[in-house]
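Shown next: upload-v2.cif, containing mmCIF, C-alpha atoms.
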data_my_file
loop_
_atom_site.label_atom_id
_atom_site.label_comp_id
_atom_site.auth_asym_id
_atom_site.auth_seq_id
_atom_site.Cartn_x
_atom_site.Cartn_y
_atom_site.Cartn_z
CA MET N 1 85.35 116.37 150.07
CA ASN N 2 87.03 119.38 148.45
CA LEU N 3 85.45 122.65 147.36
CA ARG N 4 85.48 121.72 143.65
CA ILE N 5 83.42 118.56 144.27
CA LEU N 6 81.01 120.48 146.52
CA ARG N 7 80.61 123.15 143.85
CA ASN N 8 79.88 120.59 141.13
CA LEU N 9 77.41 118.67 143.27
CA SER N 10 75.70 121.96 144.13
CA VAL N 11 75.23 122.81 140.44
CA PHE N 12 73.85 119.34 139.72
CA GLY N 13 71.59 119.50 142.79
CA LEU N 14 70.19 122.90 141.80
CA PHE N 15 69.36 121.58 138.34
CA VAL N 16 67.54 118.56 139.81
CA VAL N 17 65.56 120.79 142.18
CA TRP N 18 64.65 123.12 139.31
CA ALA N 19 63.57 120.19 137.18
CA MET N 20 61.41 118.64 139.89
CA LEU N 21 59.89 121.75 141.46
CA GLY N 22 60.11 124.63 139.04
CA ALA N 23 59.45 123.27 135.58
CA ASN N 24 55.88 121.97 135.66
CA GLY N 25 56.91 118.39 136.31
CA LEU N 26 59.32 118.01 133.39
CA ASN N 27 60.80 114.55 132.91
CA ALA N 28 63.56 113.32 130.59
CA GLN N 29 64.23 112.11 127.02
CA ASN N 30 67.72 110.62 126.85
CA LEU N 31 69.86 113.53 125.63
CA THR N 32 73.58 113.16 124.97
CA LEU N 33 76.38 115.40 126.20
CA GLU N 34 75.82 117.55 123.08
CA GLY N 35 72.01 117.56 123.30
CA GLN N 36 70.91 114.93 120.77
CA THR N 37 68.82 111.91 121.65
CA GLY N 38 71.22 109.01 122.18
CA GLY N 39 73.70 107.58 124.65
CA PHE N 40 76.05 109.59 126.82
CA ILE N 41 78.15 110.82 123.87
CA THR N 42 76.77 109.10 120.73
CA PRO N 43 73.60 110.01 118.79
CA THR N 44 71.09 107.31 117.88
CA ALA N 45 68.44 106.96 115.16
CA TYR N 46 65.71 108.24 117.52
CA VAL N 47 64.32 111.72 118.12
CA VAL N 48 62.48 113.47 120.94
CA LEU N 49 59.06 111.84 121.25
CA SER N 50 55.95 113.65 120.00
CA GLU N 51 52.63 112.45 121.40
CA LYS N 52 50.09 110.78 119.10
CA ASP N 53 48.49 113.21 116.62
CA HIS N 54 50.90 115.96 117.67
CA VAL N 55 53.54 117.45 115.38
CA PHE N 56 55.56 119.18 118.11
CA SER N 57 56.99 117.40 121.10
CA HIS N 58 57.26 118.74 124.59
CA PRO N 59 60.84 120.06 124.76
CA ALA N 60 63.40 117.80 126.40
CA VAL N 61 66.04 119.40 128.60
CA GLY N 62 69.24 117.96 129.95
CA TYR N 63 72.26 118.60 132.10
CA HIS N 64 75.60 116.76 131.92
CA PHE N 65 78.75 117.07 133.98
CA VAL N 66 82.15 115.56 133.17
CA ASN N 67 84.92 115.76 135.77
CA VAL N 68 88.25 116.29 133.97
CA ASN N 69 89.67 118.99 136.23
CA LYS N 70 93.28 117.71 136.39
CA VAL N 71 94.19 119.28 133.03
CA ILE N 72 91.27 119.94 130.68
CA GLY N 73 88.87 121.32 133.28
CA ASP N 74 85.34 120.40 134.29
CA ILE N 75 82.61 120.49 131.64
CA HIS N 76 78.95 121.30 132.21
CA THR N 77 76.44 121.21 129.36
CA PHE N 78 72.86 122.50 129.42
CA ASN N 79 70.67 121.13 126.61
CA ILE N 80 67.25 121.70 125.11
CA ALA N 81 65.78 119.74 122.17
CA GLU N 82 62.48 119.81 120.30
CA GLY N 83 61.05 116.95 118.26
CA PHE N 84 58.80 117.07 115.19
CA ALA N 85 56.28 114.30 114.39
CA ASN N 86 58.71 111.57 115.58
CA ARG N 87 60.77 112.21 112.44
CA ALA N 88 63.08 115.11 113.28
CA GLU N 89 64.57 117.14 116.10
CA VAL N 90 66.60 120.29 116.63
CA GLY N 91 68.50 121.30 119.72
CA TYR N 92 70.83 123.76 121.39
CA THR N 93 73.49 123.16 124.02
CA ARG N 94 75.55 125.62 126.01
CA SER N 95 78.80 124.02 127.08
CA VAL N 96 80.19 125.71 130.18
CA HIS N 97 83.82 125.13 131.11
CA TRP N 98 85.66 125.53 134.41
CA THR N 99 89.44 125.60 134.20
CA GLY N 100 91.73 122.74 135.20
CA ASP N 101 94.52 122.46 137.74
CA SER N 102 97.61 121.93 135.56
CA THR N 103 100.03 124.87 135.54
CA ALA N 104 101.69 123.44 132.43
CA PHE N 105 98.77 122.75 130.09
CA SER N 106 95.41 123.92 131.51
CA SER N 107 95.83 127.36 129.90
CA LEU N 108 94.86 125.68 126.61
CA TRP N 109 91.33 125.44 128.07
CA HIS N 110 91.06 128.72 129.97
CA PHE N 111 87.83 129.74 128.21
CA ALA N 112 84.18 129.91 129.20
CA GLY N 113 82.80 127.31 126.76
CA MET N 114 81.06 127.15 123.41
CA ASN N 115 77.67 126.93 121.69
CA ILE N 116 76.45 123.67 120.11
CA PHE N 117 73.56 123.39 117.63
CA ASN N 118 72.26 120.06 116.37
CA ALA N 119 69.59 118.65 114.05
CA LYS N 120 68.54 115.14 113.11
CA VAL N 121 66.07 113.49 110.68
CA VAL N 122 64.92 109.87 110.91
CA ALA N 123 64.75 108.34 107.43
CA ILE N 124 63.58 104.87 108.55
CA LYS N 125 62.05 104.20 111.95
CA ASP N 126 63.16 101.28 114.06
CA GLY N 127 60.89 98.35 113.04
CA GLN N 128 59.25 100.24 110.17
CA PHE N 129 59.66 97.38 107.67
CA GLY N 130 59.68 94.43 110.03
CA PRO N 131 60.78 93.55 113.55
CA TRP N 132 64.47 93.34 112.65
CA THR N 133 64.62 96.58 110.64
CA PRO N 134 66.90 99.09 112.39
CA GLY N 135 66.21 102.79 112.43
CA PHE N 136 68.33 105.06 110.23
CA ALA N 137 68.92 108.76 110.83
CA VAL N 138 71.06 111.54 109.42
CA GLY N 139 72.12 114.54 111.44
CA GLY N 140 74.57 117.33 111.98
CA VAL N 141 76.26 119.32 114.72
CA VAL N 142 77.69 122.85 114.57
CA ARG N 143 79.92 124.20 117.34
CA THR N 144 80.71 127.92 117.54
CA GLY N 145 82.96 129.99 119.76
CA ASP N 146 85.48 127.16 120.20
CA HIS N 147 88.71 128.64 121.60
CA PHE N 148 90.05 125.42 123.11
CA VAL N 149 93.59 124.26 122.24
CA SER N 150 93.76 125.48 118.61
CA GLY N 151 92.49 128.96 119.48
CA ALA N 152 94.68 129.24 122.57
CA LEU N 153 97.78 128.14 120.66
CA ASN N 154 96.97 130.57 117.84
CA GLN N 155 97.15 133.33 120.43
CA GLU N 156 100.51 132.10 121.74
CA LEU N 157 102.00 131.62 118.27
CA PHE N 158 100.56 134.60 116.38
CA GLY N 159 99.21 136.95 119.07
CA VAL N 160 95.58 136.57 117.99
CA LEU N 161 92.96 134.60 119.94
CA LYS N 162 91.08 132.78 117.20
CA SER N 163 87.57 131.45 117.59
CA TYR N 164 86.88 128.30 115.59
CA SER N 165 83.65 126.82 114.29
CA ASN N 166 83.54 123.11 113.61
CA GLY N 167 80.96 120.44 113.01
CA ASP N 168 79.86 116.91 112.25
CA VAL N 169 77.67 115.32 109.60
CA TYR N 170 76.64 111.79 110.54
CA VAL N 171 74.48 108.77 109.80
CA ALA N 172 73.37 106.37 112.53
CA ALA N 173 71.66 102.98 112.56
CA THR N 174 69.99 101.85 115.80
CA LYS N 175 68.08 98.75 116.82
CA THR N 176 66.27 98.08 120.08
CA TRP N 177 65.27 94.46 120.72
CA ALA N 178 63.14 94.07 123.85
CA HIS N 179 62.46 90.33 123.59
CA PRO N 180 63.99 87.10 124.96
CA PRO N 181 66.46 85.60 125.18
CA VAL N 182 68.65 88.73 125.45
CA PRO N 183 67.18 92.22 125.03
CA PHE N 184 69.61 94.78 123.65
CA LEU N 185 70.07 98.19 122.08
CA VAL N 186 72.82 98.44 119.47
CA ASN N 187 73.95 101.59 117.69
CA LEU N 188 76.49 102.12 114.90
CA GLY N 189 77.29 105.23 112.94
CA TRP N 190 79.75 107.17 110.82
CA LYS N 191 80.47 110.86 110.92
CA ALA N 192 82.58 113.32 108.99
CA THR N 193 84.02 115.84 111.44
CA ASN N 194 86.64 118.55 111.79
CA ALA N 195 86.39 118.67 115.60
CA SER N 196 88.88 117.05 117.95
CA ILE N 197 87.22 115.39 120.99
CA PHE N 198 83.87 117.08 120.24
CA GLY N 199 85.59 120.46 119.93
CA ILE N 200 87.07 120.20 123.43
CA GLY N 201 90.37 119.18 121.85
CA GLY N 202 90.24 122.03 119.34
CA GLN N 203 90.00 122.10 115.56
CA ALA N 204 91.03 119.00 113.64
CA THR N 205 93.51 119.54 110.83
CA ARG N 206 91.06 118.24 108.24
CA PHE N 207 87.47 117.11 107.73
CA GLY N 208 87.56 113.32 107.97
CA GLY N 209 85.44 110.25 108.60
CA ARG N 210 85.17 108.58 112.02
CA LEU N 211 83.14 105.66 113.40
CA PHE N 212 81.02 105.63 116.55
CA GLY N 213 78.72 103.13 118.22
CA GLY N 214 77.51 101.48 121.37
CA LEU N 215 75.72 98.55 122.97
CA GLY N 216 73.28 98.52 125.87
CA ILE N 217 71.51 95.68 127.70
CA PRO N 218 68.18 96.78 129.24
CA LEU N 219 67.37 95.11 132.53
CA PRO N 220 64.14 95.45 134.54
CA GLY N 221 64.42 97.73 137.56
CA PRO N 222 62.14 98.71 140.46
CA PHE N 223 59.16 101.06 140.13
CA LYS N 224 58.62 100.39 136.41
CA THR N 225 62.11 101.47 135.47
CA VAL N 226 64.71 99.90 133.22
CA ILE N 227 68.43 99.86 134.01
CA VAL N 228 70.71 99.88 130.98
CA PRO N 229 74.41 99.13 131.39
CA ALA N 230 76.08 100.29 128.18
CA ALA N 231 79.40 100.93 126.47
CA GLY N 232 80.12 103.31 123.61
CA PHE N 233 82.99 104.54 121.44
CA THR N 234 83.81 107.47 119.18
CA GLN N 235 86.93 107.59 117.01
CA GLN N 236 88.78 110.90 117.16
CA PRO N 237 90.83 112.81 114.57
CA PRO N 238 94.54 112.13 115.22
CA THR N 239 95.61 115.69 116.00
CA ALA N 240 94.50 119.35 116.11
CA VAL N 241 95.39 122.63 114.41
CA ASN N 242 98.47 124.34 115.94
CA LEU N 243 99.10 121.44 118.32
CA GLY N 244 102.16 120.27 116.38
CA ALA N 245 103.91 123.56 117.19
CA ILE N 246 104.34 122.60 120.85
CA LEU N 247 105.14 118.91 120.29
CA TYR N 248 108.56 117.39 119.83
CA PRO N 249 109.79 117.01 117.19
CA PRO N 250 108.24 120.27 115.93
CA GLY N 251 105.33 119.67 113.59
CA GLY N 252 104.65 116.24 115.04
CA ARG N 253 101.19 114.78 115.42
CA ALA N 254 99.43 114.12 118.69
CA HIS N 255 98.14 110.65 119.48
CA LEU N 256 94.46 111.03 120.36
CA PRO N 257 92.86 107.66 121.09
CA THR N 258 89.28 106.55 120.54
CA THR N 259 86.97 107.97 123.21
CA LEU N 260 85.29 105.23 125.24
CA ASP N 261 82.44 105.46 127.72
CA TYR N 262 80.99 102.90 130.12
CA ALA N 263 77.73 104.04 131.64
CA VAL N 264 74.54 102.96 133.34
CA ARG N 265 71.25 104.60 132.41
CA VAL N 266 68.09 104.46 134.51
CA THR N 267 64.84 105.37 132.78
CA GLN N 268 61.22 104.25 132.50
CA ILE N 269 60.17 101.07 130.68
CA LYS N 270 57.32 102.65 128.71
CA HIS N 271 56.93 106.25 127.54
CA PRO N 272 60.16 107.41 129.23
CA HIS N 273 60.03 110.84 130.79
CA PHE N 274 63.33 110.84 132.62
CA ALA N 275 66.82 109.39 132.18
CA PHE N 276 69.70 109.46 134.60
CA ASP N 277 73.20 108.47 133.43
CA ILE N 278 76.36 107.84 135.38
CA GLY N 279 79.56 106.43 133.96
CA VAL N 280 83.29 106.45 133.38
CA GLY N 281 85.00 107.70 130.24
CA GLN N 282 88.41 107.15 128.70
CA VAL N 283 89.36 110.24 126.70
CA ALA N 284 93.09 110.94 126.41
CA GLY N 285 96.25 110.45 128.43
CA MET N 286 99.74 110.70 126.94
CA ILE N 287 99.35 112.40 123.56
CA GLY N 288 103.01 113.22 122.88
CA THR N 289 106.03 115.11 124.27
CA THR N 290 107.06 118.73 124.33
CA ALA N 291 110.47 120.38 124.67
CA VAL N 292 110.93 122.73 127.64
CA PRO N 293 114.00 125.04 127.70
CA THR N 294 116.26 124.45 130.69
CA GLY N 295 117.77 127.95 130.71
CA LEU N 296 121.10 126.46 131.76
CA PRO N 297 124.47 127.22 130.10
CA ALA N 298 126.41 124.57 128.18
CA PRO N 299 127.31 121.79 128.63
CA ALA N 300 123.80 121.40 130.12
CA PRO N 301 121.19 120.40 127.54
CA PRO N 302 119.26 123.35 126.09
CA PHE N 303 115.93 121.66 126.71
CA VAL N 304 114.33 118.61 128.31
CA LEU N 305 111.48 116.51 126.95
CA VAL N 306 108.29 116.59 129.02
CA PRO N 307 105.34 114.25 128.39
CA VAL N 308 102.06 115.91 127.43
CA ASN N 309 99.59 114.04 129.61
CA LEU N 310 95.96 115.19 129.56
CA GLU N 311 95.18 112.88 132.53
CA ALA N 312 91.72 112.08 131.17
CA ARG N 313 91.88 108.30 130.85
CA HIS N 314 89.49 107.77 133.77
CA VAL N 315 86.92 110.55 134.04
CA VAL N 316 83.49 110.47 135.70
CA GLY N 317 80.35 111.83 134.08
CA VAL N 318 76.72 112.19 135.12
CA GLY N 319 73.68 113.30 133.14
CA LEU N 320 70.00 113.99 133.69
CA SER N 321 67.38 114.44 130.94
CA ILE N 322 63.73 115.31 131.48
CA ARG N 323 60.63 115.66 129.28
CA PRO N 324 56.94 116.12 130.17
#

structure tokens encoding of this file:
Amino acid sequence: MNLRILRNLSVFGLFVVWAMLGANGLNAQNLTLEGQTGGFITPTAYVVLSEKDHVFSHPAVGYHFVNVNKVIGDIHTFNIAEGFANRAEVGYTRSVHWTGDSTAFSSLWHFAGMNIFNAKVVAIKDGQFGPWTPGFAVGGVVRTGDHFVSGALNQELFGVLKSYSNGDVYVAATKTWAHPPVPFLVNLGWKATNASIFGIGGQATRFGGRLFGGLGIPLPGPFKTVIVPAAGFTQQPPTAVNLGAILYPPGGRAHLPTTLDYAVRVTQIKHPHFAFDIGVGQVAGMIGTTAVPTGLPAPAPPFVLVPVNLEARHVVGVGLSIRP
């Protein structure tokens, strides 16, 4: 086991110890990587639970870790979210970044992280107008201090490190069916975004619409828990600002695929107070080619083409959310 893995496990372990011993018995409420209620990466039409006859919820807190150290670098997010009368929520996430191992491309992510703010309102609750009525929610995300990729390339191209702000506006429909013959949770949504790979891939070249969704199958587990194997997807903008300057041919577009995640969540059957997620994600691999000067005299070629491989097609993520 190398030092990087030990370091990451230590951070996760300290958070668990803090949650169990130092936070008045906090338990979890299913926060995403960016701090909304939902799956691992996709928001749902639910909000942080407020107890009966209470407007304010107990705050939910979360920690997520995604291991993409080969090029992009490891990502840690620390979330807090507050619900209001089971109709709305607001949250804040600090995304902390540790640099990757690639001498060729990791410099595009050599920055500490960014701030993420989110809000969501439930327009129709799941089951409000009958057992088959899905819940509908609208929400938004704002990311600030994003230097990744677009900001780093702006510094290389123009000598100025630029900090970008980007965001999403989304609608989501979610239905949980906890009855025979097959219980399920299905989620489908649409968002308008100008962020590439949730801001980790930089600033998208335009504000455009993308689909996201997921499916989970809740299964009974021991000690009054439920185990939910699930899969989710989020379409990504095709390229990012300034990225075409390093691709060949110059001005070309990157090829950023749909982000996929396959995860298992463990939580409580009724009145969930904790959620633990572990899964595998497919983010991005070969996104294009770049031309590297050879520095050799003629007749040697002036440059060679090198593939731009982010090596993030099989990444591991874990998450823990807790709420009193």

**Prompt:** What is the atom CA of Pro324 of chain N-atom CA of Val48 of chain N distance in Å, reported with one decimal?
**Reply:** 11.1 Å

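Within 12 Å of the file-frame point (92.2, 113.0, 109.1), and using only C-alpha atoms, the polymer residues found are Ala192, Thr193, Asn194, Ala195, Ser196, Gln203, Ala204, Thr205, Arg206, Phe207, Gly208, Gly209, Arg210, Gln235, Gln236, Pro237, Pro238, Thr239, Ala240, Val241, Arg253 and Leu256 of chain N.
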
Translate the PyMOL selection byres ((chain N and resi 288) around 12), as applied to the file shown, into an explicit residue set as a short mmCIF file (atom, residue, chain, number, x, y, z; two decimals) with C-alpha atoms, in the frame of the given file.
data_model
loop_
_atom_site.label_atom_id
_atom_site.label_comp_id
_atom_site.auth_asym_id
_atom_site.auth_seq_id
_atom_site.Cartn_x
_atom_site.Cartn_y
_atom_site.Cartn_z
CA PRO N 238 94.54 112.13 115.22
CA THR N 239 95.61 115.69 116.00
CA LEU N 243 99.10 121.44 118.32
CA GLY N 244 102.16 120.27 116.38
CA ALA N 245 103.91 123.56 117.19
CA ILE N 246 104.34 122.60 120.85
CA LEU N 247 105.14 118.91 120.29
CA TYR N 248 108.56 117.39 119.83
CA PRO N 249 109.79 117.01 117.19
CA PRO N 250 108.24 120.27 115.93
CA GLY N 251 105.33 119.67 113.59
CA GLY N 252 104.65 116.24 115.04
CA ARG N 253 101.19 114.78 115.42
CA ALA N 254 99.43 114.12 118.69
CA HIS N 255 98.14 110.65 119.48
CA LEU N 256 94.46 111.03 120.36
CA PRO N 257 92.86 107.66 121.09
CA ALA N 284 93.09 110.94 126.41
CA GLY N 285 96.25 110.45 128.43
CA MET N 286 99.74 110.70 126.94
CA ILE N 287 99.35 112.40 123.56
CA THR N 289 106.03 115.11 124.27
CA THR N 290 107.06 118.73 124.33
CA ALA N 291 110.47 120.38 124.67
CA LEU N 305 111.48 116.51 126.95
CA VAL N 306 108.29 116.59 129.02
CA PRO N 307 105.34 114.25 128.39
CA VAL N 308 102.06 115.91 127.43
CA ASN N 309 99.59 114.04 129.61
CA LEU N 310 95.96 115.19 129.56
#

**Message:** Would you pick out the contacts of segment 212-220 of chain N at 12 Å or less, using only C-alpha atoms, so that residues sharing its chain but fewer than 4 positions from it are not included, and give the list as a ChimeraX atom specification?
**Reply:** /N:38-45,170-193,224-236,258-270

**Selection under test: the PyMOL selection byres ((chain N and resi 57) around 9); residues as a ChimeraX atom specification** = /N:48-51,54-56,58-60,82-86

**Prompt:** Do you know which residues the PyMOL selection byres ((chain N and resi 118-121) around 9) returns on this file, as number ranges by chain?
**Reply:** N: 34-36, 45-47, 81, 87-93, 116-117, 122-123, 136-143

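Interatomic distance, atom CA of Gly73 of chain N against atom CA of Trp98 of chain N: 5.4 Å.
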
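One finds atom CA of Pro293 of chain N at 22.1 Å from atom CA of Asp101 of chain N.
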
**Option closest in space to Ser107 of chain N, from N:Ser95, N:His147, N:Gln128, N:Gly167 [counting only C-alpha atoms]** = N:His147

**Request:** For Ala152 of chain N, please output as a ChimeraX atom specification all residues within 10 Å (counting all atoms listed in the file; exclusion window: fewer than 4 positions along the same chain).
**Result:** /N:107-111,146-148,156-157,159-163,202,242-243

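Considering the residues N:Ala275, N:Asn30, N:Asn67, N:Pro299 and counting only C-alpha atoms, Gly317 of chain N has its shortest atom-to-atom contact with N:Asn67.
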
**Asked** Which one of N:Asn79, N:Ser165, N:Thr32, N:Ser102 sits closest to Val61 of chain N if you count only C-alpha atoms?
**Response** N:Asn79

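Distance annotation: of N:Ser321, N:Thr294, N:Thr99, N:Gln155, the residue with the minimal separation from Ile278 of chain N is N:Ser321; atom set is only C-alpha atoms.
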
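Residues having any atom no farther than 8 Å from (76.3, 126.3, 127.9) (counting all atoms listed in the file) are His76, Thr77, Phe78, Asn79, Thr93, Arg94, Ser95, Val96, Gly113, Met114 and Asn115 of chain N.
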
Reconstruct N, CA and C atoms of segment 187-211 of chain N from the incomplete input and present them as an mmCIF file, keeping the file's coordinate frame.
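Once written, result_37.cif looks like this:
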data_model
loop_
_atom_site.group_PDB
_atom_site.id
_atom_site.type_symbol
_atom_site.label_atom_id
_atom_site.label_comp_id
_atom_site.auth_asym_id
_atom_site.auth_seq_id
_atom_site.Cartn_x
_atom_site.Cartn_y
_atom_site.Cartn_z
ATOM 1 N N ASN N 187 73.879 100.370 118.486
ATOM 2 C CA ASN N 187 73.950 101.590 117.690
ATOM 3 C C ASN N 187 75.293 101.637 116.972
ATOM 4 N N LEU N 188 75.263 101.993 115.685
ATOM 5 C CA LEU N 188 76.490 102.120 114.900
ATOM 6 C C LEU N 188 76.336 103.271 113.929
ATOM 7 N N GLY N 189 77.385 104.089 113.831
ATOM 8 C CA GLY N 189 77.290 105.230 112.940
ATOM 9 C C GLY N 189 78.632 105.667 112.392
ATOM 10 N N TRP N 190 78.568 106.582 111.452
ATOM 11 C CA TRP N 190 79.750 107.170 110.820
ATOM 12 C C TRP N 190 79.537 108.663 110.742
ATOM 13 N N LYS N 191 80.579 109.408 111.027
ATOM 14 C CA LYS N 191 80.470 110.860 110.920
ATOM 15 C C LYS N 191 81.703 111.432 110.234
ATOM 16 N N ALA N 192 81.495 112.505 109.514
ATOM 17 C CA ALA N 192 82.580 113.320 108.990
ATOM 18 C C ALA N 192 82.680 114.536 109.905
ATOM 19 N N THR N 193 83.871 114.786 110.442
ATOM 20 C CA THR N 193 84.020 115.840 111.440
ATOM 21 C C THR N 193 85.354 116.568 111.277
ATOM 22 N N ASN N 194 85.384 117.815 111.692
ATOM 23 C CA ASN N 194 86.640 118.550 111.790
ATOM 24 C C ASN N 194 86.824 119.071 113.220
ATOM 25 N N ALA N 195 86.266 118.334 114.181
ATOM 26 C CA ALA N 195 86.390 118.670 115.600
ATOM 27 C C ALA N 195 87.174 117.586 116.320
ATOM 28 N N SER N 196 88.106 117.984 117.149
ATOM 29 C CA SER N 196 88.880 117.050 117.950
ATOM 30 C C SER N 196 88.232 116.915 119.325
ATOM 31 N N ILE N 197 87.883 115.689 119.702
ATOM 32 C CA ILE N 197 87.220 115.390 120.990
ATOM 33 C C ILE N 197 86.016 116.318 121.175
ATOM 34 N N PHE N 198 85.115 116.308 120.192
ATOM 35 C CA PHE N 198 83.870 117.080 120.240
ATOM 36 C C PHE N 198 84.127 118.583 120.393
ATOM 37 N N GLY N 199 85.231 119.057 119.831
ATOM 38 C CA GLY N 199 85.590 120.460 119.930
ATOM 39 C C GLY N 199 86.361 120.809 121.183
ATOM 40 N N ILE N 200 86.330 119.950 122.194
ATOM 41 C CA ILE N 200 87.070 120.200 123.430
ATOM 42 C C ILE N 200 88.567 120.131 123.174
ATOM 43 N N GLY N 201 88.960 119.298 122.221
ATOM 44 C CA GLY N 201 90.370 119.180 121.850
ATOM 45 C C GLY N 201 90.786 120.126 120.754
ATOM 46 N N GLY N 202 89.899 121.037 120.355
ATOM 47 C CA GLY N 202 90.240 122.030 119.340
ATOM 48 C C GLY N 202 89.760 121.644 117.955
ATOM 49 N N GLN N 203 90.368 122.271 116.962
ATOM 50 C CA GLN N 203 90.000 122.100 115.560
ATOM 51 C C GLN N 203 90.871 121.039 114.915
ATOM 52 N N ALA N 204 90.253 120.011 114.351
ATOM 53 C CA ALA N 204 91.030 119.000 113.640
ATOM 54 C C ALA N 204 91.675 119.611 112.408
ATOM 55 N N THR N 205 92.773 118.993 111.964
ATOM 56 C CA THR N 205 93.510 119.540 110.830
ATOM 57 C C THR N 205 92.805 119.325 109.494
ATOM 58 N N ARG N 206 91.822 118.444 109.473
ATOM 59 C CA ARG N 206 91.060 118.240 108.240
ATOM 60 C C ARG N 206 89.689 117.658 108.582
ATOM 61 N N PHE N 207 88.805 117.690 107.603
ATOM 62 C CA PHE N 207 87.470 117.110 107.730
ATOM 63 C C PHE N 207 87.577 115.647 107.327
ATOM 64 N N GLY N 208 87.356 114.733 108.261
ATOM 65 C CA GLY N 208 87.560 113.320 107.970
ATOM 66 C C GLY N 208 86.502 112.441 108.606
ATOM 67 N N GLY N 209 86.442 111.190 108.138
ATOM 68 C CA GLY N 209 85.440 110.250 108.600
ATOM 69 C C GLY N 209 85.876 109.499 109.848
ATOM 70 N N ARG N 210 84.932 109.304 110.770
ATOM 71 C CA ARG N 210 85.170 108.580 112.020
ATOM 72 C C ARG N 210 83.963 107.694 112.316
ATOM 73 N N LEU N 211 84.203 106.571 112.994
ATOM 74 C CA LEU N 211 83.140 105.660 113.400
ATOM 75 C C LEU N 211 82.740 105.908 114.850
#
